[in-house]
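Heads up: the structure comes next, in structure tokens.
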Amino acid sequence: MPERSERFAARAGRELRREVLIEPLAELGLVAFDGPNDPVPSLVLEGDHVVELDGRREEDWDVLDHFVARNGIDPAAAREAASLEDGEIARRLVDVDCARAELVRLSRGLSPARLARIVTMLDPVELMFALKKLRARHAPANQAHVTNLKENPALLAADAAEAAARGFAELETTVGVSRYAPLNALAILVGAQTGRPGVMTQCAVEERLNLRLAIQGLVTYAETLSVYGTEAVFVDGDDTPWSKALLASAYASRGVKVRFTSGGGSEALMGESEGKSLLYLEARCLAVVRAAGSQGVQNGSISCVALALALPGGTREVLAENVLAAWLDLEVASGNDAIASHSEIRKTAKLMGQFLPGTDFVTSGYSSMPRYDNMFGGGNYDSHDLDEWLTLQRDWQVDAGIEPLAEEDAVTVRERAARAVQVVFEELGFPPVTDEEVALAATCLDSRDLPDRDRAADVLAGDRVLAEGISGLDVARALERRGLRDVAEAVFTMQRQRVAADYLQTAAVIDADGTVVSAVNAPNDYRGPGTGYRLEGARWERLRRLPHAVDARLLGAPPPSEPLLRAVGEARALDAPDDVVIAVGPAFAGALGETINGLAHGVVLAAIVDGVQDGGAVPRVVRVRRSADVAFIGHDGARLAGSRVAVGIQSKGTALIHRADLQPLDNLELFGMAPLLTLESYRQIGLNAAGYALGRAVSPVPTLLDNYARAKLIVRTTLLHAREAAEVVRGAPAVEVAPVEISAAV
Amino acid sequence: MTDGILRRYPLGRSGSEVRTPGGLALEELSLDDARVTRDELRATPETLRLQAEVAEAAGRPALGANLRRAAELADVPHDVVLDLYTALRPRRATAAELEAWAVRLEQRGAVCTAAFVREAAEVYAARGLLA
């Protein structure tokens, strides 16, 4: 073994390398797509009756095959699809002139294996394009997680309110202890309606309890209905396609919007993949989901995403899952909730597959609070990442469903929501929420900052919600009694929504004015450039105005309060061999007063003067007016200098030492890293210039390198340079300047 | 007809004919009104059937079928719905028990749900998923 490479060792220490990458292992179902054991697609009808599905005759079908054959195949579409090549259908997926409705109709004539095979033909960019085209709702949206480890109701309400105010259309909470469910559901209902009326909420708990919460009007949607791609896992999960479909109907009968959950990798994780690929099994899940009559699904590997990403093509497979779901006309909440990778680079590269095309919910749960408090095992992106997310939206001009919010507005809405929950608890006779909890909920980092509550008393209050049937209506009335009229009305409006049940339609969300927006009244109408949802107009203005963005006009150094240099006439060329010119830019100590790192021009000039003098030469200051370029400033200076040597300096602080016999763009020493230059550096620059002038051997001024300086300062550099360039007088000769006053400070 | 129902969506818009179980119009619903109880704030079977028509008109037959089952279940008591769900879980009910559920549903006029239960029973028998 040769010696270890330090570079390999450094890479091995990176976050990425905590993860295990593997080669496919088909017998365990660890293959992303095109598995060697995936069936050859087939769909055979006798009359309108399906008799063969993906190579299996009816007598060999499992429970999923039966369900899909009976409820999920349209014979007319099947006959049409049979006459088309896979490649033709794949091409239509990315053909802007082939309407979404046409593709959805065709999808009802395709078997799961054929669906999987066709989307596998698309490369990543084609998949993204297909997803953009096939999304159900006109505009994308996003969903947030709202939980905390202490299950503190004030903090739940505050986090829900901020998430709602940030534009999340749906919020989900869950429980550590199931008896907390009624209180947690109540807290995020009140919080959400305080933040933005119309935001839908759910509490992920066991189905029986969930239905109770729904009947009491404390939740409006559910996405706990999991399906799996093999019969063994389905049945191990104690369900069949029929029981899950019946449950979905039960939820709908109680006015609950339902989204199923599926996602590649779960079958392999449970050891019952039948050796089939992730994508094929997901195609089976999705065929079941649609046949069950679900309006939508959350998929894209979901909680098994790290397993999918362990495989070659894993990220592409996960995106293909989302495309399949959209193709089947399902609302898609496209994962990005469970932690996909330790590597920020890899995680965000995966996100782009859903972020850029836009899905109905770009994440199945963005952690609206710090990851520490996420009880979904989620937090792929959390509250710490919000500014990055907003900046990515701004960079790409893409709406991924999160809006900027000013700090004061966030604190205000959080405090209001925590206060609202406090009064509801009081009105209902629940354990008090203290003023301290309210204040901390508004401003804390996470639940560790809040005092512990009496959890025994809280769960008893939770029991009371169920025993006494305390409903969303009771909550609204409690708020109204205490004068929180707007929150009361918003909570009540969510109860009214149940009467018309418009949000049971595909991809429904609710506007702040109570209007339901779904794929029925706001379908995706993308048909090529200039069509469909585009981030423009007022929405674009809203998303691009980030609290941390600044007004360019306010950037840049201010001019000095008093003039520092006065012109004493046109600059002459001198003969004295110890004459060293210090040539300053057009705006130096005039229109501008300091360098990019905040050094006052007066002191910078004094330092250079000191250096030249210490080196035994005689400094002379001239202002070059015809150019803002440091090379010409310095070279013009050198041509005037008796020693033929000059220091050139721009107003932003970039400097060089030049000599008259060199080409203008050459130099003796260049100091491009203005942000790193100190007064001592400027003194040394003067000293070296004197050394060159007097013919001494000179050791170059040591310089530092900061490769981030450009990223950090390029805007400021541009603005400063624009001010310098504005002072240029074309063709004007250099002028000799004398200091009005130069402080002798270094 | 098809276009007609789509034009009425969202059904909850102002002036809508949608009613609560007790016959109240959406505009009548206010926080202060004592007639507004929790049980009034839910969709009637008729409303859910209208939503099924919306789904079908929008080209979503399976969602329509789901909402038709939902309409049939809307007035079924909560515990009965949960018992029916349990009966459909793997190996919970015999063929006779599932048939009894189907008959019971039919008697309530829940014909779509009854047919759905019979379909399950047939497949469960084939796949060994009966009790």
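Going by the structure tokens order, chains are called A, B, ..., each with residues numbered from 1, while ligands are numbered from 1 in the order shown.
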
Legend entry - Residue contacts of Ala34 in chain B (12 Å, only C-alpha atoms) excluding same-chain residues fewer than 6 positions away, as a PyMOL selection string: (chain A and resi 473-474+477) or (chain B and resi 28+40)

If you keep C-alpha atoms, can you produce a file of those selected residues as an mmCIF file, in the first residue's frame?
```cif
data_model
loop_
_atom_site.group_PDB
_atom_site.id
_atom_site.type_symbol
_atom_site.label_atom_id
_atom_site.label_comp_id
_atom_site.auth_asym_id
_atom_site.auth_seq_id
_atom_site.Cartn_x
_atom_site.Cartn_y
_atom_site.Cartn_z
ATOM 1 C CA LEU A 473 -66.710 25.680 16.484
ATOM 2 C CA ASP A 474 -66.196 25.774 20.265
ATOM 3 C CA ARG A 477 -66.585 30.829 19.925
ATOM 4 C CA GLU B 28 -76.776 32.066 7.176
ATOM 5 C CA GLU B 40 -74.503 21.448 11.094
#
```

Using DSSP secondary structure from the backbone, list all alpha helix (DSSP H) positions within range 17-193 of chain A, as an mmCIF file with C-alpha atoms, in the first residue's frame.
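As a result, selection.cif now contains:
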```
data_model
loop_
_atom_site.group_PDB
_atom_site.id
_atom_site.type_symbol
_atom_site.label_atom_id
_atom_site.label_comp_id
_atom_site.auth_asym_id
_atom_site.auth_seq_id
_atom_site.Cartn_x
_atom_site.Cartn_y
_atom_site.Cartn_z
ATOM 1 C CA VAL A 63 -54.396 -8.236 -4.310
ATOM 2 C CA LEU A 64 -52.861 -5.154 -5.961
ATOM 3 C CA ASP A 65 -53.270 -6.559 -9.466
ATOM 4 C CA HIS A 66 -56.914 -7.359 -8.774
ATOM 5 C CA PHE A 67 -57.550 -3.889 -7.423
ATOM 6 C CA VAL A 68 -55.902 -2.100 -10.332
ATOM 7 C CA ALA A 69 -57.480 -4.354 -12.972
ATOM 8 C CA ARG A 70 -60.948 -3.805 -11.525
ATOM 9 C CA ASN A 71 -60.753 -0.107 -10.640
ATOM 10 C CA PRO A 75 -60.395 -0.325 -21.605
ATOM 11 C CA ALA A 76 -60.700 2.296 -24.354
ATOM 12 C CA ALA A 77 -57.472 3.959 -23.269
ATOM 13 C CA ALA A 78 -55.842 0.534 -22.991
ATOM 14 C CA ARG A 79 -56.710 -0.287 -26.580
ATOM 15 C CA GLU A 80 -55.369 3.064 -27.752
ATOM 16 C CA ALA A 81 -52.164 2.728 -25.719
ATOM 17 C CA ALA A 82 -51.623 -0.773 -27.091
ATOM 18 C CA ASP A 86 -43.272 3.296 -25.559
ATOM 19 C CA GLY A 87 -41.001 5.836 -27.218
ATOM 20 C CA GLU A 88 -43.966 7.650 -28.726
ATOM 21 C CA ILE A 89 -45.677 7.970 -25.354
ATOM 22 C CA ALA A 90 -42.414 9.087 -23.722
ATOM 23 C CA ARG A 91 -42.034 11.711 -26.433
ATOM 24 C CA ARG A 92 -45.559 12.993 -25.766
ATOM 25 C CA LEU A 93 -44.660 13.465 -22.096
ATOM 26 C CA ARG A 100 -51.908 17.144 -20.107
ATOM 27 C CA ALA A 101 -55.486 15.824 -20.294
ATOM 28 C CA GLU A 102 -54.522 13.647 -23.250
ATOM 29 C CA LEU A 103 -51.620 12.118 -21.306
ATOM 30 C CA VAL A 104 -53.777 11.565 -18.232
ATOM 31 C CA ARG A 105 -56.341 9.739 -20.359
ATOM 32 C CA LEU A 106 -53.623 7.542 -21.911
ATOM 33 C CA SER A 107 -52.196 6.727 -18.487
ATOM 34 C CA PRO A 112 -47.708 -0.343 -13.848
ATOM 35 C CA ALA A 113 -44.679 -1.957 -15.503
ATOM 36 C CA ARG A 114 -45.319 -0.024 -18.687
ATOM 37 C CA LEU A 115 -45.747 3.255 -16.818
ATOM 38 C CA ALA A 116 -42.404 2.644 -15.117
ATOM 39 C CA ARG A 117 -40.676 1.678 -18.346
ATOM 40 C CA ILE A 118 -41.878 4.786 -20.170
ATOM 41 C CA VAL A 119 -40.805 7.300 -17.519
ATOM 42 C CA THR A 120 -37.457 5.515 -17.270
ATOM 43 C CA PRO A 124 -33.365 14.188 -15.625
ATOM 44 C CA VAL A 125 -34.162 17.370 -17.541
ATOM 45 C CA GLU A 126 -36.949 15.646 -19.453
ATOM 46 C CA LEU A 127 -38.354 14.373 -16.178
ATOM 47 C CA MET A 128 -38.343 17.901 -14.778
ATOM 48 C CA PHE A 129 -40.038 19.220 -17.862
ATOM 49 C CA ALA A 130 -42.668 16.477 -17.743
ATOM 50 C CA LEU A 131 -43.285 17.256 -14.081
ATOM 51 C CA LYS A 132 -43.795 20.938 -14.831
ATOM 52 C CA LYS A 133 -46.257 20.052 -17.540
ATOM 53 C CA LEU A 134 -48.123 17.373 -15.601
ATOM 54 C CA PRO A 153 -49.158 24.562 22.702
ATOM 55 C CA ALA A 154 -47.993 28.187 22.671
ATOM 56 C CA LEU A 155 -44.935 27.262 20.631
ATOM 57 C CA LEU A 156 -46.977 25.054 18.285
ATOM 58 C CA ALA A 157 -49.365 27.935 17.676
ATOM 59 C CA ALA A 158 -46.536 30.415 17.164
ATOM 60 C CA ASP A 159 -44.728 28.144 14.700
ATOM 61 C CA ALA A 160 -47.977 27.431 12.863
ATOM 62 C CA ALA A 161 -48.719 31.147 12.626
ATOM 63 C CA GLU A 162 -45.317 32.006 11.254
ATOM 64 C CA ALA A 163 -45.464 29.147 8.743
ATOM 65 C CA ALA A 164 -48.909 30.290 7.617
ATOM 66 C CA ALA A 165 -47.714 33.880 7.322
ATOM 67 C CA ALA A 181 -53.201 14.843 19.609
ATOM 68 C CA PRO A 182 -56.329 16.911 20.343
ATOM 69 C CA LEU A 183 -54.311 19.734 21.920
ATOM 70 C CA ASN A 184 -51.679 19.753 19.185
ATOM 71 C CA ALA A 185 -54.357 19.773 16.487
ATOM 72 C CA LEU A 186 -56.127 22.615 18.283
ATOM 73 C CA ALA A 187 -52.918 24.612 18.733
ATOM 74 C CA ILE A 188 -51.920 24.516 15.071
ATOM 75 C CA LEU A 189 -55.500 25.197 13.947
ATOM 76 C CA VAL A 190 -55.541 28.391 16.019
ATOM 77 C CA GLY A 191 -51.980 29.277 15.043
ATOM 78 C CA ALA A 192 -52.513 28.678 11.342
ATOM 79 C CA GLN A 193 -55.672 30.788 11.223
#
```

Legend entry - For range 59-66 of chain B: contacts at 6 Å, only C-alpha atoms, fewer than 5 positions along chain excluded, given as a PyMOL selection string: (chain A and resi 249+291+293-294) or (chain B and resi 52)

Legend entry - Spatial neighbours of Leu26 in chain B, max dist 12 Å, only C-alpha atoms, sep filter under 3 positions, as an MDAnalysis selection string: (chainID A and resid 492:493 495:501) or (chainID B and resid 11:23 29:30 36 40:43)

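Take CA of Gly335 in chain A and CA of Asn322 in chain A: the distance between them is 8.8 Å.
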
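Minimum atom-to-atom distances from B:Arg89, B:Arg35, B:Arg104, B:Arg68 to chain A were compared using only C-alpha atoms, and the lowest value belongs to B:Arg89.
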
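Here the question is which of A:Ala232, A:Leu218, A:Leu309, A:Ala252 gets nearest to chain B using only C-alpha atoms, and that residue is A:Ala252.
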
Inset, instruction - Could you check which of A:Asp463, A:Asp502, A:Asp399, A:Glu331 is closest to Arg49 in chain B, using only C-alpha atoms? - result: A:Asp502

What's around Leu88 in chain B at 6 Å? Count only C-alpha atoms, leave out sequence neighbours fewer than 2 positions away in its own chain, and write the answer as a tab-separated table (two decimals) with N, CA and C atoms, in the first residue's frame.
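Wrote it out as selection.tsv, contents follow:
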```tsv
chain	number	residue	atom	x	y	z
A	243	SER	N	-59.42	-1.89	1.95
A	243	SER	CA	-59.60	-1.25	3.26
A	243	SER	C	-59.09	0.18	3.22
B	85	TYR	N	-64.54	-0.48	8.18
B	85	TYR	CA	-63.12	-0.41	7.81
B	85	TYR	C	-62.37	-1.61	8.39
B	86	THR	N	-62.60	-1.88	9.65
B	86	THR	CA	-61.92	-3.00	10.30
B	86	THR	C	-62.25	-4.32	9.60
```

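Nearest-residue note for Ser447 in chain A: choosing from A:Leu704, A:Ala467, A:Met369, A:Leu546, the minimum distance belongs to A:Met369, counting only C-alpha atoms.
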
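CA of Arg485 in chain A is positioned 22.1 Å from CA of Ala169 in chain A.
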
Inset, instruction - For Glu206 in chain A, please output as JSON, numbers by chain all residues within 12 Å (counting only C-alpha atoms; exclusion window: fewer than 3 positions along the same chain). - result: {"A": [174, 175, 177, 178, 179, 181, 203, 209, 210, 211, 212, 213, 222, 223, 224, 225, 226]}
